[in-house]
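Chemist: Handing you a structure now.
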Amino acid sequence: MSGLPHVTCPACGGRAHSRAVGKISTLFRELYYRCRNPDACGHEFVVEMVAVRSTKASRFPSPLAVLPMTTWHAAANDRADNDNGPPSEPANAVAIPT
């Protein structure tokens with residue numbers, strides 16, 4: 001899969017690259033990763049990718065992809081994380097037991 005970023009393997013800390021993408025819904029996908037550690041870790045795992053908020057409204061909004069809008073303020077520097085606080089919890093969030 002080209003175009004997707006590598007991630008760190010949770011087992012050995014090596015680089016893992018995406019090998020497939022599974023579309024679950026308009027706002028949720030599963031990315032399947034395989035560790036490429038030269039020492040042959042071979043770990044395979046799934047990463048969840050979820051659209052959580054919008055930073056700019058779409059010119060072609062879809063009723064199937066309604067996201068909360070981030071409130072932006074002027075950045076003090078060139079940082080990308082200049083929104084007003086932490087992201088809000090999605091209305092339909094599922095609690096994961098610990």
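Each chain of the structure tokens is named A, B, ... in the order shown, its residues numbered from 1; ligands are numbered from 1 in display order.
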Please identify all polymer residues within 9 Å of segment 3-16 of chain A, counting only C-alpha atoms, omitting same-chain residues fewer than 3 positions from it, and present them as JSON, numbers by chain.

Modeler: {"A": [33, 34, 35, 36, 37, 38, 41, 43, 44, 45]}

Chemist: For all heavy atoms, I'd like the residues from the last selection saved as a tab-separated table (two decimals), in the first residue's frame.

Modeler:
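Produced file out_20.tsv, reproduced below:
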chain	number	residue	atom	x	y	z
A	33	TYR	N	-1.18	-3.89	9.12
A	33	TYR	CA	0.26	-3.63	9.08
A	33	TYR	C	1.06	-4.90	9.33
A	33	TYR	O	0.63	-5.80	10.03
A	33	TYR	CB	0.64	-2.58	10.14
A	33	TYR	CG	0.40	-1.16	9.68
A	33	TYR	CD1	-0.85	-0.59	9.77
A	33	TYR	CD2	1.43	-0.41	9.15
A	33	TYR	CE1	-1.07	0.71	9.36
A	33	TYR	CE2	1.23	0.89	8.73
A	33	TYR	CZ	-0.02	1.44	8.83
A	33	TYR	OH	-0.24	2.72	8.41
A	34	ARG	N	2.27	-4.92	8.75
A	34	ARG	CA	3.23	-6.01	8.96
A	34	ARG	C	4.58	-5.39	9.30
A	34	ARG	O	5.04	-4.48	8.63
A	34	ARG	CB	3.36	-6.85	7.69
A	34	ARG	CG	4.40	-7.97	7.83
A	34	ARG	CD	4.51	-8.81	6.58
A	34	ARG	NE	3.25	-9.54	6.40
A	34	ARG	CZ	2.67	-9.74	5.22
A	34	ARG	NH1	3.22	-9.27	4.12
A	34	ARG	NH2	1.55	-10.42	5.13
A	35	CYS	N	5.21	-5.91	10.35
A	35	CYS	CA	6.52	-5.42	10.78
A	35	CYS	C	7.56	-5.80	9.74
A	35	CYS	O	7.60	-6.92	9.26
A	35	CYS	CB	6.89	-6.00	12.14
A	35	CYS	SG	8.49	-5.39	12.74
A	36	ARG	N	8.41	-4.85	9.43
A	36	ARG	CA	9.50	-5.08	8.47
A	36	ARG	C	10.85	-5.06	9.16
A	36	ARG	O	11.87	-4.75	8.54
A	36	ARG	CB	9.47	-3.99	7.39
A	36	ARG	CG	8.21	-3.98	6.57
A	36	ARG	CD	8.22	-5.13	5.58
A	36	ARG	NE	6.99	-5.23	4.84
A	36	ARG	CZ	6.75	-4.68	3.67
A	36	ARG	NH1	7.66	-3.92	3.11
A	36	ARG	NH2	5.59	-4.86	3.07
A	37	ASN	N	10.88	-5.40	10.44
A	37	ASN	CA	12.12	-5.45	11.19
A	37	ASN	C	13.08	-6.39	10.50
A	37	ASN	O	12.74	-7.54	10.21
A	37	ASN	CB	11.84	-5.91	12.62
A	37	ASN	CG	13.05	-5.87	13.52
A	37	ASN	OD1	14.18	-6.00	13.08
A	37	ASN	ND2	12.80	-5.70	14.80
A	38	PRO	N	14.32	-5.95	10.24
A	38	PRO	CA	15.28	-6.83	9.56
A	38	PRO	C	15.64	-8.09	10.36
A	38	PRO	O	16.16	-9.04	9.81
A	38	PRO	CB	16.51	-5.94	9.35
A	38	PRO	CG	16.32	-4.76	10.23
A	38	PRO	CD	14.85	-4.63	10.51
A	41	CYS	N	10.96	-9.94	12.82
A	41	CYS	CA	9.91	-9.93	13.84
A	41	CYS	C	8.63	-10.55	13.26
A	41	CYS	O	8.05	-11.46	13.85
A	41	CYS	CB	9.63	-8.51	14.32
A	41	CYS	SG	8.20	-8.33	15.39
A	43	HIS	N	5.60	-9.49	13.05
A	43	HIS	CA	4.33	-9.19	13.72
A	43	HIS	C	3.36	-8.55	12.74
A	43	HIS	O	3.73	-7.67	11.97
A	43	HIS	CB	4.60	-8.26	14.90
A	43	HIS	CG	3.40	-7.99	15.74
A	43	HIS	ND1	3.18	-6.77	16.32
A	43	HIS	CD2	2.36	-8.76	16.12
A	43	HIS	CE1	2.06	-6.80	17.02
A	43	HIS	NE2	1.54	-8.00	16.91
A	44	GLU	N	2.11	-8.99	12.75
A	44	GLU	CA	1.05	-8.39	11.95
A	44	GLU	C	-0.03	-7.89	12.90
A	44	GLU	O	-0.40	-8.58	13.84
A	44	GLU	CB	0.48	-9.40	10.96
A	44	GLU	CG	1.49	-9.82	9.92
A	44	GLU	CD	0.92	-10.75	8.86
A	44	GLU	OE1	-0.33	-10.87	8.78
A	44	GLU	OE2	1.70	-11.35	8.13
A	45	PHE	N	-0.55	-6.68	12.62
A	45	PHE	CA	-1.54	-6.08	13.52
A	45	PHE	C	-2.43	-5.12	12.74
A	45	PHE	O	-2.14	-4.77	11.60
A	45	PHE	CB	-0.87	-5.38	14.70
A	45	PHE	CG	0.16	-4.34	14.32
A	45	PHE	CD1	-0.18	-3.00	14.29
A	45	PHE	CD2	1.45	-4.71	13.98
A	45	PHE	CE1	0.75	-2.04	13.94
A	45	PHE	CE2	2.40	-3.76	13.63
A	45	PHE	CZ	2.04	-2.42	13.61

Chemist: So that I can see what lies close to segment 47-49 of chain A, please list as a short mmCIF file (atom, residue, chain, number, x, y, z; two decimals) with N, CA, C and O atoms, in the first residue's frame the residues with an atom at most 7 Å from it, counting only C-alpha atoms and leaving out residues fewer than 3 positions away in the same chain.

Modeler:
data_model
loop_
_atom_site.label_atom_id
_atom_site.label_comp_id
_atom_site.auth_asym_id
_atom_site.auth_seq_id
_atom_site.Cartn_x
_atom_site.Cartn_y
_atom_site.Cartn_z
N PHE A 28 -14.65 5.33 9.10
CA PHE A 28 -13.80 4.38 9.83
C PHE A 28 -13.18 3.37 8.87
O PHE A 28 -13.85 2.83 8.01
N ARG A 29 -11.89 3.13 9.05
CA ARG A 29 -11.18 2.12 8.26
C ARG A 29 -10.23 1.34 9.16
O ARG A 29 -9.79 1.84 10.18
N GLU A 30 -9.94 0.14 8.75
CA GLU A 30 -8.90 -0.66 9.41
C GLU A 30 -7.73 -0.78 8.45
O GLU A 30 -7.92 -1.06 7.28
N LEU A 31 -6.53 -0.54 8.97
CA LEU A 31 -5.32 -0.68 8.19
C LEU A 31 -4.54 -1.86 8.73
O LEU A 31 -4.30 -1.94 9.94
N TYR A 32 -4.17 -2.76 7.87
CA TYR A 32 -3.44 -3.96 8.26
C TYR A 32 -1.95 -3.73 8.05
O TYR A 32 -1.53 -3.39 6.95
#

Chemist: Write out as a ChimeraX atom specification which residues come within 12 Å of Pro63 of chain A when counting only C-alpha atoms, dropping same-chain ones fewer than 5 positions away.

Modeler: /A:26-27,58

Chemist: State, in Å with one decimal place, the distance from atom CA of Ala57 of chain A to atom CA of Thr71 of chain A.

Modeler: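 Pair atom CA of Ala57 of chain A / atom CA of Thr71 of chain A returns 11.5 Å.
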
Chemist: Looking only at the backbone, which of the residues in segment 14-82 of chain A does DSSP tag as strand (DSSP E or B), as a PyMOL selection string?

Modeler: chain A and resi 15-23+28-35+44-50+54+69+72

Chemist: Atom CA of Ser54 of chain A to atom CA of Thr70 of chain A: how many Å, to one decimal?

Modeler: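 So the answer is 5.9 Å.
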
Chemist: From the options A:Val46, A:Ala40, A:Val66, A:Ala51, which residue's atoms come nearest to Ala20 of chain A, counting only C-alpha atoms?

Modeler: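 Of A:Val46, A:Ala40, A:Val66, A:Ala51, the one nearest Ala20 of chain A, counting only C-alpha atoms, is A:Val46.
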
Chemist: Quick check, in Å to one decimal: how far apart do atom CA of Ser18 of chain A and atom CA of Arg53 of chain A lie?

Modeler: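 Atom CA of Arg53 of chain A lies 23.7 Å from atom CA of Ser18 of chain A.
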